[in-house]
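Note sheet for the following structure.
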Amino acid sequence: MKDKAGKPGAGRVLRTRIKKKSGLKESSRRWLERHMNDPYVQRSKAEGFRSRAAYKLIEIDDRHKLLKPGQRVIDLGAAPGGWCQVAATRTRSTDERPLVVGIDYLEMDPIPAVVLLKMDFLEDEAPARLVEALGGDPDVVLSDMAAPTTGHRRTDHLRTMHLCEVAADFAISVLKPGGHFLAKTFQGGTETELLTRLKQHFRSVSHVKPPASRDESVELYLLARDFKGR
Ligand SMILES: C[S@@+](CC[C@H](N)C(=O)[O-])C[C@H]1O[C@@H](n2cnc3c(N)ncnc32)[C@H](O)[C@@H]1O
C-alpha cells in the first residue's frame, strides 16, 4: 500500500503500541514504536534485506539507473549489508566472479557474491585493499558511511561530512570514466569546495532524497554521475 507521498504501507491503520509503563526511557520507547511500525522495516524483513537502508539505494537506482549487470561496485560503510545485497543483485555478481566489495569496521555476516573487508576506510591502506579485492577499478562507488553519533549534533555532522569528502576523493582517484558516485551527506552540509571539485570531475552533480529516507532526517545523498576521468 502507498500513501500520498508514495511511501509503502504508510497508510496502515494497525499500529503496534508499547505501553508508557514498559520501563523504557520515553525516547527509547518512541524509537522502538516507530521502528516496529515502520513499513520499510517490515518490508525489509519480508523481502530478506538486512537493513531498511536497502530501499534508499533501490529507490535511487530505480530512478537514476546507476547499477548495471557486469559492473564493479565498491560500498563504503557497508554494515549490516543491505546496499551490498542490492548491488550484488543488480550487477548479477556471483560467488565465482564477485563484482561487489563492501568495507566496514563492524563485523558482518557473509553476503553471497560480495567480498567484505573488515577495516576502517580511513586507514591508509584501505583504498588499495578495496581495489585489489575488486580485481579492477570500480564503475560505481557508494558510500552510506555515517559517523557514530555522539549526541552533539554539530560534531556528528562534521564527522560524517569528513567521511563524505574522503569518499569523494577516493571515487575520483579510482572510478572508471563514465562511472558514478553516490554518498550520504546532510542538508546544508555539502561544502561548496566539495561540490566544485565534483563538478570538475563529473558531468552531473545533484542532491537526492529517496522516499525511504525519513522526512524528519537531515540525511541527503550526493549523486555525481558520469565521471569525466582524472
Ligand atoms: C548507515 S550504516 C550503512 C548501512 C548500509 N548501507 C546498509 O544498507 O546496510 C553506516 C555504516 O558506516 C560505517 N562506517 C562509518 N565510518 C566508517 C569508516 N571510517 N570505515 C568503515 N565503515 C565506517 C558504520 O560502521 C556503519 O555500519
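Ordering of the C-alpha cells sets the chain letters (A, B, ...); residue numbers start at 1 within each chain; ligands are numbered from 1 in the order shown.
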
request  = Show me which residues sit within 8 Å of ligand 1 when counting only C-alpha atoms and all ligand atoms, and put them as a count of residues only.
outcome  = 34

Quick one: contact table of region 35-69 of chain A to region 214-220 of chain A, 12 Å max, nearest atom pair and distance in Å to one decimal per residue, counting only C-alpha atoms, chain and number order, as a tab-separated table?
```
residue	atom	partner	partner_atom	distance
A:His35	CA	A:Arg214	CA	11.7
A:Asp38	CA	A:Arg214	CA	10.2
A:Pro39	CA	A:Arg214	CA	11.6
A:Tyr40	CA	A:Arg214	CA	10.4
A:Arg52	CA	A:Arg214	CA	10.9
A:Ala53	CA	A:Arg214	CA	10.5
A:Tyr55	CA	A:Arg214	CA	11.6
A:Lys56	CA	A:Arg214	CA	10.0
A:Ile60	CA	A:Leu220	CA	11.4
```

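Interatomic distance, CA of Met161 (chain A) to CA of Glu193 (chain A): 12.1 Å.
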
All residues 12 Å or closer to Leu194 (chain A), only C-alpha atoms, same chain fewer than 6 positions away omitted, as an NGL selection string = :A and (161-169 or 172 or 185 or 200-202 or 205 or 222 or 224)

For the residues in that selection, give me C-alpha atoms as a PDB file, in the first residue's frame.
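Generated output (again-v1.pdb):
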```pdb
ATOM      1  CA  MET A 161      30.867  15.299   6.162  1.00  0.00           C
ATOM      2  CA  HIS A 162      34.538  14.399   6.518  1.00  0.00           C
ATOM      3  CA  LEU A 163      33.716  10.788   5.571  1.00  0.00           C
ATOM      4  CA  CYS A 164      31.821  12.063   2.522  1.00  0.00           C
ATOM      5  CA  GLU A 165      34.819  14.139   1.420  1.00  0.00           C
ATOM      6  CA  VAL A 166      37.284  11.264   1.812  1.00  0.00           C
ATOM      7  CA  ALA A 167      34.864   9.002  -0.087  1.00  0.00           C
ATOM      8  CA  ALA A 168      34.666  11.591  -2.901  1.00  0.00           C
ATOM      9  CA  ASP A 169      38.472  11.794  -3.143  1.00  0.00           C
ATOM     10  CA  ILE A 172      37.800  10.480  -8.099  1.00  0.00           C
ATOM     11  CA  THR A 185      25.571  13.814   3.245  1.00  0.00           C
ATOM     12  CA  GLN A 200      35.011  19.408 -12.313  1.00  0.00           C
ATOM     13  CA  HIS A 201      35.137  15.626 -12.487  1.00  0.00           C
ATOM     14  CA  PHE A 202      31.526  14.557 -13.169  1.00  0.00           C
ATOM     15  CA  VAL A 205      26.102  16.546  -9.697  1.00  0.00           C
ATOM     16  CA  LEU A 222      25.025  13.401  -3.120  1.00  0.00           C
ATOM     17  CA  ALA A 224      27.716  12.560  -9.032  1.00  0.00           C
TER      18      ALA A 224
END
```

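Inside region 11-145 of chain A, the residues DSSP reads as strand (DSSP E) when given the backbone are Val73, Ile74, Asp75, Leu76, Val100, Val101, Gly102, Ile103, Asp104, Val114, Val115, Leu116, Leu117, Lys118, Val140, Val141, Leu142 and Ser143 of chain A.
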
Output the selection as a CSV table (one decimal), in the first residue's frame - N, CA and C atoms for each residue.
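selection-v3.csv, written as the output of this step:
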```
chain,number,residue,atom,x,y,z
A,73,VAL,N,31.4,-2.7,-8.2
A,73,VAL,CA,30.9,-1.7,-7.2
A,73,VAL,C,31.7,-1.8,-5.9
A,74,ILE,N,32.0,-0.6,-5.4
A,74,ILE,CA,32.6,-0.5,-4.0
A,74,ILE,C,31.6,0.1,-3.1
A,75,ASP,N,31.3,-0.5,-1.9
A,75,ASP,CA,30.3,0.0,-1.0
A,75,ASP,C,31.0,0.4,0.3
A,76,LEU,N,31.1,1.7,0.6
A,76,LEU,CA,31.8,2.2,1.8
A,76,LEU,C,30.8,2.3,3.0
A,100,VAL,N,31.2,-7.0,-6.3
A,100,VAL,CA,30.9,-6.0,-5.2
A,100,VAL,C,31.8,-6.3,-4.0
A,101,VAL,N,32.4,-5.2,-3.6
A,101,VAL,CA,33.3,-5.2,-2.4
A,101,VAL,C,32.7,-4.2,-1.4
A,102,GLY,N,32.5,-4.7,-0.2
A,102,GLY,CA,32.0,-3.8,0.9
A,102,GLY,C,33.0,-3.6,2.0
A,103,ILE,N,33.1,-2.5,2.6
A,103,ILE,CA,34.0,-2.3,3.7
A,103,ILE,C,33.3,-1.7,4.9
A,104,ASP,N,33.6,-2.2,6.1
A,104,ASP,CA,33.1,-1.6,7.3
A,104,ASP,C,34.0,-2.0,8.5
A,114,VAL,N,29.5,-11.3,-2.6
A,114,VAL,CA,30.1,-10.0,-2.1
A,114,VAL,C,31.3,-10.3,-1.3
A,115,VAL,N,32.4,-9.5,-1.6
A,115,VAL,CA,33.6,-9.6,-0.8
A,115,VAL,C,33.6,-8.5,0.3
A,116,LEU,N,33.8,-8.9,1.5
A,116,LEU,CA,33.7,-8.0,2.6
A,116,LEU,C,35.0,-7.7,3.3
A,117,LEU,N,35.4,-6.5,3.5
A,117,LEU,CA,36.6,-6.2,4.2
A,117,LEU,C,36.2,-5.6,5.6
A,118,LYS,N,36.8,-6.1,6.6
A,118,LYS,CA,36.5,-5.6,8.0
A,118,LYS,C,37.7,-4.6,8.3
A,140,VAL,N,31.1,2.0,-10.0
A,140,VAL,CA,30.3,2.8,-9.1
A,140,VAL,C,30.9,2.7,-7.7
A,141,VAL,N,31.0,3.9,-7.1
A,141,VAL,CA,31.4,4.0,-5.6
A,141,VAL,C,30.2,4.5,-4.8
A,142,LEU,N,29.8,3.7,-3.9
A,142,LEU,CA,28.7,4.0,-3.0
A,142,LEU,C,29.2,4.3,-1.6
A,143,SER,N,28.7,5.3,-0.9
A,143,SER,CA,29.1,5.5,0.5
A,143,SER,C,27.8,5.8,1.3
```

message = I'd like the contact shell of Ser28 (chain A) - 12 Å cut-off, only C-alpha atoms, skipping same-chain residues fewer than 6 positions apart - returned as a list in words.
response = Ile18, Lys19, Lys20, Ser22, Arg34 and His35 of chain A
